[in-house]
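Dumped coords.txt below, it's compact mmCIF, C-alpha atoms and all ligand atoms:
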```txt
# COMPACT_ATOMS: atom_id res chain seq x y z
CA THR A 1 123.15 160.50 109.53
CA VAL A 2 120.34 158.83 111.37
CA ASP A 3 117.02 157.24 110.36
CA ILE A 4 114.12 159.07 112.00
CA SER A 5 110.55 157.71 112.01
CA PRO A 6 107.43 158.00 114.18
CA SER A 7 107.26 154.92 116.47
CA ALA A 8 103.45 154.70 116.59
CA ARG A 9 101.74 152.15 114.32
CA PHE A 10 98.45 151.15 116.10
CA CYS A 11 95.49 153.42 116.77
CA ILE A 12 97.13 156.14 114.74
CA LYS A 13 96.10 157.03 111.19
CA GLU A 14 98.51 156.75 108.25
CA CYS A 15 98.00 160.46 107.60
CA GLU A 16 98.99 161.20 111.18
CA ILE A 17 102.18 159.11 110.89
CA ILE A 18 103.48 161.07 107.91
CA THR A 19 102.52 164.39 109.51
CA ALA A 20 104.20 163.35 112.78
CA LEU A 21 107.40 162.73 110.81
CA TYR A 22 107.30 166.24 109.37
CA LEU A 23 106.54 167.94 112.69
CA GLY A 24 109.20 165.94 114.53
CA ILE A 25 111.85 166.77 111.92
CA GLU A 26 111.03 170.45 112.25
CA LYS A 27 111.89 170.30 115.99
CA LEU A 28 115.03 168.22 115.42
CA LYS A 29 116.27 170.68 112.79
CA ALA A 30 115.79 173.60 115.20
CA ALA A 31 117.72 171.72 117.93
CA GLU A 32 120.52 170.86 115.47
CA ASP A 33 120.75 174.49 114.26
CA ALA A 34 120.95 175.76 117.84
CA LEU A 35 124.02 173.57 118.45
CA ALA A 36 125.83 174.59 115.24
CA PRO A 37 128.97 176.65 115.94
CA PRO A 38 128.27 180.37 115.47
CA VAL A 39 129.39 181.84 112.14
CA GLU A 40 132.37 184.13 112.52
CA ASP A 41 131.21 187.76 112.35
CA ILE A 42 133.28 189.15 109.45
CA THR A 43 132.37 192.77 110.23
CA PRO A 44 135.44 193.66 112.36
CA ARG A 45 137.82 192.01 109.87
CA LEU A 46 136.32 193.94 106.97
CA ALA A 47 136.29 197.21 108.91
CA ALA A 48 140.05 196.82 109.40
CA LEU A 49 140.71 195.79 105.79
CA SER A 50 138.46 198.14 103.78
CA PRO A 51 140.10 201.57 104.37
CA ASP A 52 143.37 200.36 102.82
CA HIS A 53 141.65 198.90 99.74
CA PRO A 54 139.14 201.43 98.39
CA ASP A 55 139.27 199.88 94.88
CA ASN A 56 138.13 196.47 96.09
CA ILE A 57 134.43 196.45 95.09
CA CYS A 58 133.66 193.39 97.22
CA LEU A 59 134.87 195.16 100.36
CA SER A 60 133.31 198.53 99.54
CA SER A 61 129.90 196.96 98.83
CA PHE A 62 129.71 195.34 102.28
CA ASP A 63 127.07 196.91 104.53
CA PRO A 64 127.40 195.81 108.20
CA ALA A 65 123.71 196.58 108.90
CA TYR A 66 122.55 194.38 106.01
CA TYR A 67 124.94 191.62 107.10
CA ALA A 68 123.68 191.81 110.70
CA SER A 69 120.10 191.37 109.45
CA LEU A 70 120.91 188.00 107.82
CA SER A 71 120.33 184.49 109.22
CA ASN A 72 123.43 182.48 110.09
CA GLU A 73 122.97 180.48 106.90
CA ASP A 74 122.79 183.62 104.75
CA LYS A 75 125.76 185.16 106.57
CA ALA A 76 127.81 182.09 105.67
CA GLY A 77 126.50 182.22 102.08
CA LEU A 78 127.43 185.87 101.64
CA GLU A 79 130.88 185.32 103.17
CA ARG A 80 131.39 182.50 100.64
CA CYS A 81 130.62 184.89 97.78
CA MET A 82 133.01 187.50 99.25
CA ARG A 83 135.88 185.19 100.17
CA SER A 84 138.12 185.90 97.18
CA GLY A 85 138.02 189.66 97.75
CA ILE A 86 138.66 189.23 101.47
CA GLU A 87 141.57 186.82 101.03
CA ASN A 88 142.96 188.89 98.13
CA PRO A 89 142.43 192.53 99.09
CA ASP A 90 144.12 193.65 95.83
CA SER A 91 141.09 192.30 93.88
CA SER A 92 139.12 194.77 91.81
CA MET A 93 135.74 192.96 91.84
CA GLY A 94 136.51 190.26 94.43
CA CYS A 95 133.08 188.63 94.71
CA TYR A 96 131.49 185.70 92.88
CA ALA A 97 128.04 184.14 92.98
CA CYS A 98 128.23 180.55 94.23
CA GLN A 99 124.63 179.48 93.56
CA PRO A 100 122.47 180.43 90.56
CA GLU A 101 120.09 182.38 92.84
CA ASP A 102 122.76 184.31 94.78
CA TYR A 103 122.33 187.62 92.92
CA ASP A 104 118.67 187.69 93.92
CA ARG A 105 119.26 186.19 97.38
CA PHE A 106 121.96 188.77 98.27
CA LYS A 107 120.53 191.60 96.17
CA PRO A 108 121.39 194.43 98.62
CA PHE A 109 125.07 193.40 98.38
CA PHE A 110 125.30 192.50 94.69
CA SER A 111 123.26 195.50 93.48
CA LYS A 112 125.90 197.77 95.07
CA ALA A 113 128.78 195.83 93.49
CA LEU A 114 127.03 195.85 90.09
CA ALA A 115 126.28 199.57 90.30
CA LYS A 116 129.90 200.37 91.13
CA TYR A 117 131.48 198.20 88.45
CA HIS A 118 129.01 198.79 85.62
CA GLY A 119 128.16 202.41 86.41
CA VAL A 120 124.41 201.71 86.56
CA PRO A 121 121.78 202.59 89.20
CA GLU A 122 121.34 200.06 92.01
CA ASP A 123 117.83 199.19 90.80
CA ALA A 124 118.95 198.69 87.17
CA LYS A 125 117.18 195.93 85.24
CA HIS A 126 118.93 194.10 82.43
CA VAL A 127 117.33 193.39 79.02
CA ASN A 128 118.70 190.84 76.54
CA ASP A 129 118.32 191.56 72.82
CA TRP A 130 120.29 190.13 69.90
CA SER A 131 118.38 191.87 67.09
CA LEU A 132 120.57 194.39 65.27
CA GLU A 133 117.54 196.16 63.83
CA GLY A 134 117.59 199.86 64.69
CA VAL A 135 120.78 199.74 66.77
CA GLU A 136 122.39 203.15 67.06
CA GLY A 137 125.63 203.45 65.10
CA LEU A 138 124.96 200.48 62.84
CA PRO A 139 125.96 201.25 59.20
CA ALA A 140 122.96 201.66 56.88
CA ASP A 141 123.43 198.24 55.24
CA GLY A 142 123.55 196.55 58.66
CA GLY A 143 127.03 195.13 57.95
CA LEU A 144 129.87 195.47 60.45
CA ASP A 145 132.64 194.86 57.92
CA ILE A 146 136.12 195.91 59.07
CA ALA A 147 137.32 195.72 55.44
CA LYS A 148 135.51 199.05 55.06
CA LEU A 149 137.97 200.41 57.63
CA GLY A 150 140.86 199.23 55.46
CA LEU A 151 141.62 196.22 57.64
CA PRO A 152 142.57 192.71 56.51
CA GLU A 153 140.94 189.52 57.80
CA LEU A 154 141.36 189.34 61.57
CA SER A 155 140.62 186.71 64.17
CA MET A 156 137.20 187.41 65.67
CA ARG A 157 135.54 185.76 68.61
CA VAL A 158 132.24 186.21 70.42
CA ARG A 159 131.64 184.26 73.63
CA VAL A 160 128.85 184.08 76.16
CA GLY A 161 128.94 182.60 79.66
CA ARG A 162 126.09 180.26 80.62
CA ASN A 163 125.39 178.27 83.79
CA LEU A 164 123.07 175.32 84.30
CA LYS A 165 120.26 175.83 86.77
CA ALA A 166 120.65 172.29 88.07
CA PHE A 167 124.16 172.67 89.56
CA PRO A 168 125.81 175.02 92.05
CA LEU A 169 127.99 177.60 90.30
CA PRO A 170 131.68 176.58 89.92
CA GLY A 171 132.62 178.34 93.19
CA ALA A 172 130.57 175.88 95.23
CA MET A 173 130.91 172.67 93.24
CA THR A 174 132.40 169.48 94.63
CA LYS A 175 134.77 167.44 92.48
CA GLN A 176 131.94 164.96 91.94
CA GLN A 177 129.55 167.70 90.80
CA ARG A 178 132.15 169.05 88.36
CA CYS A 179 132.47 165.59 86.82
CA ASP A 180 128.69 165.05 86.86
CA MET A 181 128.21 168.37 85.05
CA GLU A 182 130.79 167.44 82.41
CA ASN A 183 129.14 164.05 81.87
CA PHE A 184 125.69 165.63 81.79
CA MET A 185 126.88 167.83 78.92
CA LEU A 186 128.01 164.79 76.90
CA GLY A 187 124.36 164.21 75.96
CA ALA A 188 124.11 167.72 74.52
CA PHE A 189 127.44 167.37 72.71
CA ALA A 190 126.30 164.07 71.16
CA LYS A 191 123.35 165.97 69.65
CA LEU A 192 125.64 168.69 68.23
CA ILE A 193 128.10 166.11 66.91
CA ALA A 194 125.23 164.37 65.08
CA MET A 195 124.29 167.63 63.29
CA PRO A 196 126.14 168.12 59.97
CA GLU A 197 126.60 171.88 60.54
CA TYR A 198 128.42 171.27 63.85
CA GLY A 199 129.92 167.75 64.05
CA GLY A 200 133.31 167.73 65.70
CA LYS A 201 134.20 166.18 69.06
CA TYR A 202 134.40 166.63 72.80
CA CYS A 203 137.88 166.76 74.35
CA SER A 204 137.99 166.07 78.09
CA PHE A 205 140.85 167.10 80.37
CA THR A 206 139.57 164.75 83.10
CA PRO A 207 142.03 161.90 83.66
CA GLY A 208 140.43 158.57 82.81
CA HIS A 209 137.54 160.13 80.87
CA PRO A 210 136.59 158.26 77.66
CA ASN A 211 137.20 161.53 75.72
CA TYR A 212 140.48 162.31 77.50
CA VAL A 213 143.11 164.29 75.59
CA ASP A 214 146.66 164.12 76.94
CA ALA A 215 148.85 167.05 78.02
CA ALA A 216 150.39 167.55 74.57
CA GLU A 217 146.99 167.62 72.85
CA TYR A 218 145.62 169.95 75.52
CA GLN A 219 148.52 172.34 74.93
CA LYS A 220 147.82 172.33 71.18
CA LEU A 221 144.21 173.33 71.90
CA VAL A 222 145.39 176.17 74.18
CA ASP A 223 147.86 177.40 71.55
CA ALA A 224 145.05 177.38 68.95
CA HIS A 225 142.99 179.60 71.34
CA ILE A 226 140.41 176.81 71.55
CA ALA A 227 140.98 175.56 75.11
CA PHE A 228 141.27 177.63 78.27
CA LYS A 229 144.37 178.00 80.38
CA ASP A 230 145.16 175.86 83.42
CA MET A 231 143.34 177.62 86.26
CA SER A 232 144.98 175.74 89.11
CA ALA A 233 147.49 178.46 90.05
CA ASP A 234 145.07 181.43 89.94
CA LYS A 235 144.89 182.65 93.55
CA TYR A 236 141.73 184.70 92.95
CA LEU A 237 139.85 181.75 91.42
CA LEU A 238 141.19 179.40 94.10
CA SER A 239 139.90 181.63 96.91
CA ALA A 240 136.61 181.84 95.04
CA GLY A 241 136.39 178.02 94.97
CA ILE A 242 136.24 178.05 91.16
CA ALA A 243 139.66 176.64 90.22
CA GLN A 244 139.54 173.61 92.55
CA ASP A 245 139.94 170.00 91.40
CA TRP A 246 141.66 170.98 88.16
CA PRO A 247 141.51 169.35 85.59
CA HIS A 248 138.54 167.25 86.70
CA GLY A 249 135.22 168.05 85.03
CA ARG A 250 136.95 170.28 82.49
CA GLY A 251 137.00 170.07 78.69
CA VAL A 252 136.00 171.64 75.38
CA TYR A 253 133.57 170.76 72.63
CA VAL A 254 134.96 171.77 69.21
CA SER A 255 132.90 171.75 66.02
CA GLU A 256 134.23 170.07 62.87
CA ASP A 257 135.32 173.44 61.36
CA ARG A 258 136.71 174.55 64.78
CA GLY A 259 134.58 177.70 64.60
CA PHE A 260 132.06 176.79 67.30
CA ILE A 261 133.43 175.94 70.73
CA ILE A 262 131.98 175.24 74.17
CA TRP A 263 134.23 175.36 77.24
CA VAL A 264 133.17 173.18 80.16
CA GLY A 265 134.18 173.96 83.74
CA GLU A 266 136.05 177.25 83.54
CA GLU A 267 134.78 180.33 85.45
CA ASP A 268 131.24 179.51 84.31
CA HIS A 269 129.80 176.04 83.71
CA LEU A 270 129.86 176.83 80.00
CA ARG A 271 131.47 179.42 77.80
CA ILE A 272 129.86 179.17 74.37
CA MET A 273 131.67 180.87 71.50
CA CYS A 274 132.20 181.33 67.79
CA MET A 275 135.56 182.19 66.37
CA GLU A 276 136.74 182.80 62.81
CA LYS A 277 139.23 184.76 60.77
CA GLY A 278 137.35 187.25 58.63
CA THR A 279 136.24 190.83 58.23
CA VAL A 280 132.48 190.71 58.87
CA LEU A 281 131.63 190.82 62.58
CA ASN A 282 127.99 189.90 61.86
CA LYS A 283 129.14 186.43 60.78
CA VAL A 284 130.49 185.32 64.17
CA PHE A 285 127.67 187.11 66.00
CA ASP A 286 124.91 185.56 63.88
CA ARG A 287 126.51 182.12 63.98
CA LEU A 288 126.73 182.27 67.76
CA LYS A 289 123.08 183.32 68.04
CA ALA A 290 121.99 180.44 65.79
CA ALA A 291 124.16 177.95 67.70
CA LEU A 292 122.86 179.23 71.03
CA ASP A 293 119.30 178.71 69.81
CA VAL A 294 120.23 175.09 69.05
CA VAL A 295 121.86 174.64 72.47
CA ASN A 296 118.88 176.31 74.18
CA GLY A 297 116.58 173.88 72.42
CA ILE A 298 118.38 170.76 73.71
CA GLU A 299 116.02 169.03 76.11
CA GLY A 300 117.09 169.07 79.73
CA LEU A 301 119.48 172.02 79.40
CA GLU A 302 118.12 174.86 81.46
CA PHE A 303 120.25 177.95 82.05
CA ALA A 304 120.24 180.18 85.12
CA ILE A 305 118.56 183.51 84.31
CA SER A 306 117.74 186.18 86.86
CA PRO A 307 114.47 188.08 86.36
CA ASP A 308 116.22 191.42 86.98
CA TYR A 309 119.81 190.68 86.03
CA GLY A 310 119.58 188.54 82.89
CA VAL A 311 122.12 185.79 82.29
CA VAL A 312 123.66 184.57 85.55
CA THR A 313 127.46 184.26 85.59
CA SER A 314 129.90 183.52 88.42
CA CYS A 315 131.55 186.91 88.23
CA PRO A 316 129.41 190.07 88.44
CA THR A 317 131.60 191.61 85.72
CA ASN A 318 129.99 189.19 83.22
CA LEU A 319 126.40 189.30 84.46
CA GLY A 320 123.58 190.22 82.07
CA THR A 321 124.80 189.21 78.64
CA GLY A 322 127.88 187.18 79.67
CA MET A 323 129.15 188.35 76.28
CA ARG A 324 132.62 189.36 75.20
CA ALA A 325 133.15 190.21 71.53
CA SER A 326 136.82 190.54 70.64
CA LEU A 327 139.20 190.75 67.78
CA HIS A 328 142.94 190.31 67.53
CA ILE A 329 144.44 193.35 65.85
CA GLN A 330 148.03 194.28 65.14
CA LEU A 331 148.87 197.79 66.37
CA PRO A 332 152.65 197.92 65.77
CA TYR A 333 153.00 201.70 66.13
CA LEU A 334 150.79 202.13 69.18
CA THR A 335 152.69 199.26 70.85
CA ALA A 336 156.16 200.22 69.56
CA ASP A 337 157.32 200.68 73.18
CA GLY A 338 156.55 196.98 73.81
CA THR A 339 153.54 197.77 76.00
CA ASP A 340 149.81 198.26 75.53
CA ALA A 341 149.89 201.60 77.41
CA LYS A 342 149.18 203.82 74.36
CA ALA A 343 146.50 201.46 73.02
CA LYS A 344 144.85 201.46 76.44
CA ALA A 345 144.97 205.26 76.68
CA ILE A 346 142.81 205.39 73.54
CA ALA A 347 140.70 202.25 74.10
CA THR A 348 139.72 202.67 77.75
CA PRO A 349 137.78 205.96 77.35
CA LEU A 350 135.93 204.30 74.44
CA GLY A 351 134.76 201.50 76.73
CA LEU A 352 137.12 198.99 75.12
CA SER A 353 139.39 196.55 76.96
CA VAL A 354 142.87 195.67 75.76
CA ARG A 355 144.12 192.17 76.53
CA GLY A 356 147.17 190.15 75.53
CA LEU A 357 147.44 187.58 72.77
CA GLY A 358 146.72 184.65 75.09
CA GLY A 359 143.77 186.38 76.77
CA GLU A 360 143.37 188.25 80.04
CA HIS A 361 146.60 188.77 82.02
CA THR A 362 148.87 187.67 79.15
CA PRO A 363 151.43 189.80 77.28
CA ILE A 364 150.74 191.46 73.91
CA GLY A 365 152.04 189.67 70.83
CA ALA A 366 155.65 190.25 69.69
CA ASP A 367 154.21 191.82 66.49
CA GLY A 368 152.04 194.21 68.49
CA THR A 369 148.88 192.13 68.31
CA VAL A 370 146.34 192.89 71.04
CA ASP A 371 142.87 191.65 71.92
CA ILE A 372 140.27 194.44 71.81
CA SER A 373 136.73 194.02 73.18
CA PRO A 374 133.94 196.20 74.59
CA SER A 375 134.14 196.01 78.40
CA ALA A 376 130.40 196.37 79.03
CA ARG A 377 128.38 193.21 79.68
CA PHE A 378 125.54 194.33 81.97
CA CYS A 379 122.66 196.69 81.14
CA ILE A 380 123.75 196.67 77.52
CA LYS A 381 122.14 194.56 74.81
CA GLU A 382 124.02 191.87 72.87
CA CYS A 383 123.37 193.82 69.64
CA GLU A 384 124.92 196.94 71.18
CA ILE A 385 128.09 195.08 72.19
P1 LIG A 401 137.39 185.17 77.91
O1 LIG A 401 137.52 185.56 79.34
O2 LIG A 401 136.56 186.10 77.12
O3 LIG A 401 136.94 183.77 77.69
P2 LIG A 401 140.30 185.22 77.75
O4 LIG A 401 140.84 186.60 77.76
O5 LIG A 401 140.39 184.39 78.96
O6 LIG A 401 138.80 185.33 77.23
O7 LIG A 401 140.92 184.43 76.54
C1 LIG A 401 140.57 183.10 76.30
C2 LIG A 401 141.20 182.60 75.02
O8 LIG A 401 140.50 183.15 73.90
C3 LIG A 401 142.66 182.97 74.83
O9 LIG A 401 143.32 181.91 74.22
C4 LIG A 401 142.56 184.13 73.85
O10 LIG A 401 143.72 184.31 73.08
C5 LIG A 401 141.43 183.67 72.99
N1 LIG A 401 140.81 184.77 72.23
C6 LIG A 401 140.11 185.81 72.69
N2 LIG A 401 139.72 186.61 71.68
C7 LIG A 401 140.19 186.03 70.54
C8 LIG A 401 140.12 186.36 69.16
N3 LIG A 401 139.46 187.45 68.72
N4 LIG A 401 140.71 185.54 68.29
C9 LIG A 401 141.36 184.43 68.70
N5 LIG A 401 141.47 184.07 69.98
C10 LIG A 401 140.88 184.85 70.90
MG MG A 402 138.41 184.85 81.14
```
Would you write out, as structure tokens, the structure that this file holds?
Amino acid sequence: TVDISPSARFCIKECEIITALYLGIEKLKAAEDALAPPVEDITPRLAALSPDHPDNICLSSFDPAYYASLSNEDKAGLERCMRSGIENPDSSMGCYACQPEDYDRFKPFFSKALAKYHGVPEDAKHVNDWSLEGVEGLPADGGLDIAKLGLPELSMRVRVGRNLKAFPLPGAMTKQQRCDMENFMLGAFAKLIAMPEYGGKYCSFTPGHPNYVDAAEYQKLVDAHIAFKDMSADKYLLSAGIAQDWPHGRGVYVSEDRGFIIWVGEEDHLRIMCMEKGTVLNKVFDRLKAALDVVNGIEGLEFAISPDYGVVTSCPTNLGTGMRASLHIQLPYLTADGTDAKAKAIATPLGLSVRGLGGEHTPIGADGTVDISPSARFCIKECEI
């Protein structure tokens, strides 16, 4: 780093000094850029890799002509978004946005990936809408009560991903930025904690943090489905730059009744969720909407929203709503063979995902409990999910 300034002081006007600084910097920047090492052209590497991995959406959405048209800076930016899918060719999505504006900046790439994964046209525009009024399939009384299906109280959870406009997305954050983001959120959590309907506390996983919870306490939060799993061994998230610096800048806010939770520093800056054991799905959905309105109203918190794509999330699979609505249901007969194969055979064609008891990539419960949720997030409204 150097200090650059126009040397003239006499017989030059103040306005000319400041302009001379700007014009001189422009020339220096051009000279610096010309000396920068050339970005590696990833085209040949991808051409060799792609034919063997047709299910890797990151690889199959790469267009050499579009890539060739980009500036060096944009080439490097796009490669950063694609790195996980390139380093892990067995990925299914394989790409992640690294900056809040990446979906719009690399639209020709991401619109292909989104179209492939979500089964929508490449020029699809997302609309957010939480109002249940007039939603197709909604029972006449507007209630989504699973007791009417003969089911007991089950654990229900609705979460949305949100990212702050003011920080790079987790894939491009430095350790310092992760910690700054966590500390920035403390102000918002203090406001929630002061509200009688939320209260609760913030638990930080960052060593040395004033709200630090130790390993045993962290594990209790994971077992209670409140905290997220250790991400540090996930090769896909490591290649994406998302899992780095674990557990720094990570933590969870938990309301007094443990039904409203905000994750800090997982795949998105924030995962905001409501969870409760019950039969009426509207309750968790409505509570989350009300809580989100409170969070949205906290001064200084501005979320990344794309004009065409809706809520911005790291992973294109979550873009749009960022919403996953799930319940834990025991299916002892469908899982009698110890696997979720039969449940999946029925759920998948219905647009429902089946996950394990501890979340994605975990085994089903010993009693046949599985996690069922609609898979769609993009070009679907919250009320439809
Ligand atoms: P997501 O990606 O939606 O945040 P994961 O599959 O990573 O979800 O799971 C995160 C945590 O949330 C896990 O502990 C999982 O068991 C828990 N979870 C998900 N759905 C429910 C539910 N309906 N009830 C209780 N816990 C849930
Ligand atoms: Mg997850």
- Query: Once you count only C-alpha atoms and all ligand atoms, which residues end up within 8 Å of ligand LIG 401 (chain A), and could you hand them over as an MDAnalysis selection string?
  - Reply: chainID A and resid 154:159 222:229 271 275:277 323:328 355:361 371:372
- Message: So that I can see what lies close to region 108-121 of chain A, please list as JSON, numbers by chain the residues with an atom at most 12 Å from it, counting only C-alpha atoms and leaving out residues fewer than 3 positions away in the same chain.
- Response: {"A": [54, 55, 56, 57, 58, 59, 60, 61, 62, 63, 64, 65, 66, 67, 69, 70, 74, 75, 77, 78, 79, 81, 82, 85, 92, 93, 94, 95, 96, 97, 101, 102, 103, 104, 105, 124, 125, 126, 308, 309, 314, 315, 316, 317, 318, 319, 320, 351, 375, 376, 377, 378, 379, 380]}
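For the point (122.5, 181.6, 86.7) in file coordinates, the residues within 6 Å, using all atoms listed in the file, are A:Pro100, A:Asn163, A:Ala304, A:Ile305, A:Val312, A:Thr313.
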- Message: Taking only C-alpha atoms into account, name the residue in A:Ala147, A:Cys15, A:Ala8, A:Ala188 that is nearest to Glu299 (chain A).
- Response: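 Of A:Ala147, A:Cys15, A:Ala8, A:Ala188, the one nearest Glu299 (chain A) is A:Ala188, counting only C-alpha atoms.
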- Check the smallest atom-to-atom distance from each of A:Pro89, A:Gly265, A:Pro168, A:Pro37 to ligand MG 402 (chain A) using only C-alpha atoms and all ligand atoms, then report the winner. A:Gly265
- Query: Between A:Tyr202, A:Asp230, A:Cys274, A:Asp337, which is the closest to ligand MG 402 (chain A) once you count all atoms listed in the file?
  - Reply: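 Among the listed residues, the smallest separation from ligand MG 402 (chain A) belongs to A:Asp230.
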- Task: Quick one: everything within 10 Å of region 2-4 of chain A, counting all atoms listed in the file, minus sequence neighbours fewer than 5 positions away in the same chain. Send it as a list in words.
- Result: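 Once the nearby chain positions are removed, what remains is Leu21, Gly24, Ile25 and Leu28 of chain A.
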- Query: To one decimal place, how far is CA of Asp214 (chain A) from CA of Tyr198 (chain A) in Å?
  - Reply: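 The value is 23.6 Å.
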- Item | Pro247 (chain A) environment, 12 Å, all atoms listed in the file, sequence neighbours closer than 4 positions dropped, as a ChimeraX atom specification | /A:175,178-179,182,204-209,212-215,218,228-233,242-243,251-252,264-266
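Distance annotation: of A:Val295, A:Leu334, A:Leu149, A:Ile385, the residue with the minimal separation from Leu270 (chain A) is A:Val295; atom set is all atoms listed in the file.
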- Message: Which residue is closest to ligand MG 402 (chain A)? Choose from A:Asp286, A:Asp268, A:Glu382, A:Glu32 and count all atoms listed in the file.
- Response: A:Asp268
- Pick from A:Ala48, A:Val39, A:Leu350, A:Ala172, whichever lies nearest to Gly241 (chain A) using all atoms listed in the file: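 Using all atoms listed in the file, the shortest distance to Gly241 (chain A) belongs to A:Ala172.
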- Task: Can you pull out every residue within 10 Å of Asn282 (chain A), counting all atoms listed in the file, but drop anything in the same chain fewer than 6 positions away, and send it as a ChimeraX atom specification?
- Result: /A:132,142-145,288,383
